[in-house]
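Everything below concerns the one structure shown next.
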Number of protein chains: 2
Amino acid sequence: MLKGKQSWQFENKPAILVSSSVAGPFEGKGKIANEFDIVYDELWMKEDSFEKAHRLLVEDAIQTIFTKSNKTQGDIQFLIAGDLINLMTPTNFAASTHQIPYLGIYNACATSMEGLAMASFIVNSGGAQHIITGASSHNAAAERQFRYPTEYGGQKPPTAQWTVTGAGFGLIGQSNPQMKNQPVVASSTIGRVIDMGLTDPFNMGGAMAPAAAETIYTHFEDLQLAHDYYDAIFTGDLGEIGNEVAFELLAERGFHITREKFQDCGLMIYGDDQEVQSGGSGAGCSAFVLYSHILNEMKRGIYKRVLICATGALFSPLSFQQGETIPCIAHAVAIEMLGGAE
Amino acid sequence: MLKGKQSWQFENKPAILVSSSVAGPFEGKGKIANEFDIVYDELWMKEDSFEKAHRLLVEDAIQTIFTKSNKTQGDIQFLIAGDLINLMTPTNFAASTHQIPYLGIYNACATSMEGLAMASFIVNSGGAQHIITGASSHNAAAERQFRYPTEYGGQKPPTAQWTVTGAGFGLIGQSNPQMKNQPVVASSTIGRVIDMGLTDPFNMGGAMAPAAAETIYTHFEDLQLAHDYYDAIFTGDLGEIGNEVAFELLAERGFHITREKFQDCGLMIYGDDQEVQSGGSGAGCSAFVLYSHILNEMKRGIYKRVLICATGALFSPLSFQQGETIPCIAHAVAIEMLGGAE
């Protein structure tokens, strides 16, 4: 199972049996809006706080998995999930609602792939029949915690990103070797924390890019893969600037793929007419793009093998105010269509 | 590996190869002070913020494991850890310092046993040779985040608890069947979130007791164990009141053990002359008591099999202010002396 220094190869090919995605109103006007299971038309979602709305994103995503898979909470052994809100209350409260034994995880916006790697490892090793995993974020809840209340109307530089309102979740279980067109988790690489000394919370993509490059490079080393092995590599939420930086850092280390293959989830959500500066971000970003659009593209035959590298900035408003740098991390998970590639 | 509904049995008996504990000044005057590896004589620990001092607790605990085990960061595949501070910056920054691939976890004060369960699962399944896992808390950093700055001198009711300043970490790896007197992880049970509707952050032990009772009960059901199987059951940080409530809840469900066998880590740290109301608490509480005193007692032959049930309150100051209840969780891990019992 351990491959190389810090990667896992899943010989039993755990499958993403079903997936779900829930989006906010702004995301519901974007490029992949018709691929989300649920789109809310306002940010409050009829709740009396943004944090309670955030909780609803998670509850809806889990409920949608129950519905699609025709399973109930008793069929699921573990929930592995997290979010960006202090002490993860939206996910905690959703875990209370749905009553699945709960392993809370937190690696900022890399939480999505941390969860998918862990869920796949546990299912692959016989530690569960079914695990639900995912991540989420809510624009207004994150803005007021990390920056300013949106009512302030603060101006942002072009390097800033837009925290997505959304949740993406998957049901991980054993794959069925008889079944065609089944996305399975092939491998994963858990990243080290990389801190290049950046301190600007309005340029997270730039801060996180070295962590993404490091994890992607290590993934290929650990698994001994050719550089063109994947049909596409998706960074989590580096945005335009961070994605470009990560691409160049990889090129400098002799890693060669075509530019078109190196995409970013944060650039796949919003239309050109939507003002999101450098792109979307947040723990929900890579989660709800993977668990909707990317899996759909795989089922449509566009991709047979993809690598998702989610990136997280492991700071807090307090650590920023105390003059600390922004330590970053990235975790990568490889998804392949069973019976598809080769 | 999966046993019953939500438990794991570790047939390869992953071992706690070495462990480390770091304590603050108040803990250094308590009952088990001479069992800690490092005791700081003041809360600032020569840092300029309590959060940076907290980070040092984690860095020291990991460094102590390197020293005791004669290993370096390159020998360790993963760090699985967390703490109580918003967005877990103390642990994040320590993970940056020590450069071990990092899986951040958060289940409040149940983080300690969440980490030990996950690390044991991964080592047991061949996903790593060595994992470092643990949890930590810092009294002043937690007090000002969850309640009031200590300088306010706020009065507390007798149900309140004292957040410990301390870190406890373990190095998990394969056990050596030839070796005697080796603590191994036998099994674990991951809890559901239990919310009885309590809202008083000054009575966390009472709020968390039902979660502890539920997880302990489920552990015995899942693993089909006799009620007197363990020499002792330690709740994490329920304190005097919560430990009593949990004992009674278990008795009501027909679970019979003697009162002396049902202890609490939060009651084992401080002397009778130390004013800590209902007892110690915090993510570091069960961690540094397990990774010092309890393991020592096992090596001294006092216990051959123990169950540690760490409990966590999954709320935040914001969720409390918004009028929400306190959802709670508990995870249990069984530790046995290899070649010892029977």
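Each chain in the structure tokens gets a letter, A, B, ..., in the order shown, and its residues are numbered from 1; ligands are numbered from 1 in order too.
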Would you give me, as a ChimeraX atom specification, the residues in stretch 150-342 of chain A that DSSP reads as strand (DSSP E or B)? /A:162-163,166-173,182-189,194,232-235,262-264,280-281,305-313,328-338
Chain B contacts on chain A, only C-alpha atoms, 8 Å, as number ranges by chain: A: 1-2, 5-6, 8, 77-78, 84-89, 92-93, 95-96, 99-108, 114, 121-122, 125-128, 190-195, 314-316, 319, 327
Which residues are near A:Ala213? Cut-off 10 Å, only C-alpha atoms, ignore same chain within fewer than 4 positions. Put them as a ChimeraX atom specification. /A:208-209,217-219,235,243,245-251,253,255,309,330
Could the residues in this selection be written to a file with N, CA and C atoms, as a CSV table (one decimal), in the first residue's frame?
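Dumped everything to out32.csv:
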```
chain,number,residue,atom,x,y,z
A,208,MET,N,0.2,29.0,-2.2
A,208,MET,CA,0.0,27.5,-2.2
A,208,MET,C,0.7,26.8,-3.3
A,209,ALA,N,1.1,27.6,-4.4
A,209,ALA,CA,1.6,26.9,-5.6
A,209,ALA,C,2.8,26.0,-5.3
A,217,TYR,N,5.0,16.6,-7.9
A,217,TYR,CA,6.3,16.0,-8.3
A,217,TYR,C,6.5,14.7,-7.5
A,218,THR,N,6.3,14.7,-6.2
A,218,THR,CA,6.5,13.6,-5.3
A,218,THR,C,5.6,12.4,-5.7
A,219,HIS,N,4.3,12.8,-6.1
A,219,HIS,CA,3.4,11.7,-6.6
A,219,HIS,C,4.0,10.9,-7.7
A,235,THR,N,-5.3,21.3,-10.2
A,235,THR,CA,-5.0,21.8,-8.9
A,235,THR,C,-6.4,22.3,-8.2
A,243,ASN,N,-1.9,28.7,-10.3
A,243,ASN,CA,-1.8,27.6,-11.3
A,243,ASN,C,-0.7,27.8,-12.2
A,245,VAL,N,2.0,29.6,-11.6
A,245,VAL,CA,3.3,29.5,-10.8
A,245,VAL,C,3.6,28.0,-10.6
A,246,ALA,N,2.6,27.2,-10.2
A,246,ALA,CA,2.8,25.8,-10.0
A,246,ALA,C,3.3,25.1,-11.3
A,247,PHE,N,2.7,25.5,-12.4
A,247,PHE,CA,3.1,24.9,-13.7
A,247,PHE,C,4.6,25.2,-14.0
A,248,GLU,N,5.0,26.4,-13.7
A,248,GLU,CA,6.4,26.8,-14.0
A,248,GLU,C,7.3,26.2,-13.0
A,249,LEU,N,6.9,26.0,-11.7
A,249,LEU,CA,7.8,25.4,-10.7
A,249,LEU,C,8.0,23.9,-11.1
A,250,LEU,N,7.0,23.3,-11.7
A,250,LEU,CA,7.1,21.9,-12.1
A,250,LEU,C,8.1,21.8,-13.3
A,251,ALA,N,7.9,22.8,-14.2
A,251,ALA,CA,8.7,22.8,-15.5
A,251,ALA,C,10.2,22.9,-15.1
A,253,ARG,N,11.6,21.8,-12.6
A,253,ARG,CA,12.2,20.6,-12.0
A,253,ARG,C,12.2,19.5,-13.1
A,255,PHE,N,9.6,18.6,-15.1
A,255,PHE,CA,8.4,17.9,-15.2
A,255,PHE,C,7.6,18.5,-16.4
A,309,CYS,N,-5.2,17.6,-7.2
A,309,CYS,CA,-4.2,18.1,-6.2
A,309,CYS,C,-4.8,19.3,-5.5
A,330,ALA,N,-0.6,20.4,0.2
A,330,ALA,CA,-1.3,19.9,-0.9
A,330,ALA,C,-1.4,18.4,-0.8
```
Mind checking which residues fall within 8 Å of A:Ile62, counting only C-alpha atoms, ignoring those fewer than 6 positions away in the same chain, and posting them as a PyMOL selection string? chain A and resi 20+98+132+169
Grab the atom CA of B:Thr64 to atom CA of B:Ile38 distance for me, in Å with one decimal place. 8.8 Å
As a VMD selection string, please: the residues near B:Trp162 (cut-off 7 Å, only C-alpha atoms, same-chain neighbours under 6 positions excluded). chain B and resid 276 279 to 281
Writing out the chosen residues with C-alpha atoms as a PDB file, in the first residue's frame:
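Output saved as part-v2.pdb:
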```pdb
ATOM      1  CA  VAL B 276      -9.175  23.097  38.818  1.00  0.00           C
ATOM      2  CA  GLY B 279     -10.854  18.595  36.594  1.00  0.00           C
ATOM      3  CA  GLY B 280      -8.493  19.001  33.667  1.00  0.00           C
ATOM      4  CA  SER B 281      -9.649  19.161  30.052  1.00  0.00           C
TER       5      SER B 281
END
```
So, counting only C-alpha atoms, which residue among B:Leu17, B:Ala310, B:Leu198, B:Asp228 is closest to B:Asn70? B:Leu17
All alpha helix (DSSP H) residues (DSSP, backbone) inside stretch 210-313 of chain B, as a ChimeraX atom specification: /B:210-223,239-252,283-289,295-299
For those residues, write C-alpha atoms to a file as a PDB file, in the first residue's frame.
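Everything below was put into selection38.pdb:
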```pdb
ATOM      1  CA  PRO B 210     -23.475  10.677  27.001  1.00  0.00           C
ATOM      2  CA  ALA B 211     -21.074  10.507  24.031  1.00  0.00           C
ATOM      3  CA  ALA B 212     -18.514   8.667  26.175  1.00  0.00           C
ATOM      4  CA  ALA B 213     -21.120   6.212  27.445  1.00  0.00           C
ATOM      5  CA  GLU B 214     -22.387   5.580  23.903  1.00  0.00           C
ATOM      6  CA  THR B 215     -18.928   4.908  22.449  1.00  0.00           C
ATOM      7  CA  ILE B 216     -17.834   2.690  25.341  1.00  0.00           C
ATOM      8  CA  TYR B 217     -21.063   0.685  25.156  1.00  0.00           C
ATOM      9  CA  THR B 218     -20.707   0.307  21.374  1.00  0.00           C
ATOM     10  CA  HIS B 219     -17.048  -0.728  21.754  1.00  0.00           C
ATOM     11  CA  PHE B 220     -18.010  -3.689  23.952  1.00  0.00           C
ATOM     12  CA  GLU B 221     -20.880  -4.631  21.634  1.00  0.00           C
ATOM     13  CA  ASP B 222     -18.822  -4.375  18.444  1.00  0.00           C
ATOM     14  CA  LEU B 223     -15.919  -6.393  19.831  1.00  0.00           C
ATOM     15  CA  GLY B 239     -13.845  15.622  35.001  1.00  0.00           C
ATOM     16  CA  GLU B 240     -15.488  14.574  38.235  1.00  0.00           C
ATOM     17  CA  ILE B 241     -19.055  15.368  37.238  1.00  0.00           C
ATOM     18  CA  GLY B 242     -18.941  14.015  33.681  1.00  0.00           C
ATOM     19  CA  ASN B 243     -17.125  10.831  34.683  1.00  0.00           C
ATOM     20  CA  GLU B 244     -19.810  10.120  37.297  1.00  0.00           C
ATOM     21  CA  VAL B 245     -22.599  10.803  34.783  1.00  0.00           C
ATOM     22  CA  ALA B 246     -20.984   8.513  32.185  1.00  0.00           C
ATOM     23  CA  PHE B 247     -20.596   5.744  34.786  1.00  0.00           C
ATOM     24  CA  GLU B 248     -24.279   6.013  35.704  1.00  0.00           C
ATOM     25  CA  LEU B 249     -25.419   6.098  32.070  1.00  0.00           C
ATOM     26  CA  LEU B 250     -23.484   2.890  31.429  1.00  0.00           C
ATOM     27  CA  ALA B 251     -24.900   1.262  34.554  1.00  0.00           C
ATOM     28  CA  GLU B 252     -28.427   2.123  33.364  1.00  0.00           C
ATOM     29  CA  ALA B 283      -7.061  18.051  23.607  1.00  0.00           C
ATOM     30  CA  GLY B 284      -3.738  17.601  25.395  1.00  0.00           C
ATOM     31  CA  CYS B 285      -5.349  16.103  28.516  1.00  0.00           C
ATOM     32  CA  SER B 286      -6.007  12.503  27.468  1.00  0.00           C
ATOM     33  CA  ALA B 287      -2.991  12.686  25.130  1.00  0.00           C
ATOM     34  CA  PHE B 288      -0.321  13.536  27.671  1.00  0.00           C
ATOM     35  CA  VAL B 289      -1.770  11.362  30.423  1.00  0.00           C
ATOM     36  CA  LEU B 295       1.816   3.762  29.423  1.00  0.00           C
ATOM     37  CA  ASN B 296       4.227   3.871  32.365  1.00  0.00           C
ATOM     38  CA  GLU B 297       1.688   2.108  34.577  1.00  0.00           C
ATOM     39  CA  MET B 298       1.297  -0.559  31.899  1.00  0.00           C
ATOM     40  CA  LYS B 299       5.068  -1.014  31.749  1.00  0.00           C
TER      41      LYS B 299
END
```
I'd like to know which of B:Gly266, B:Gly30, B:Gly166, B:Pro149 is closest to B:Leu43, using only C-alpha atoms. B:Gly166
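The residue that comes closest to B:Ile65, out of B:Phe26, B:Gly168, B:Gln182, B:Asn34 and on the basis of only C-alpha atoms, is B:Gly168.
Using only C-alpha atoms, the nearest neighbour of B:Leu290 within the list B:Ala135, B:Ala186, B:Ala207, B:Ala141 is B:Ala135.
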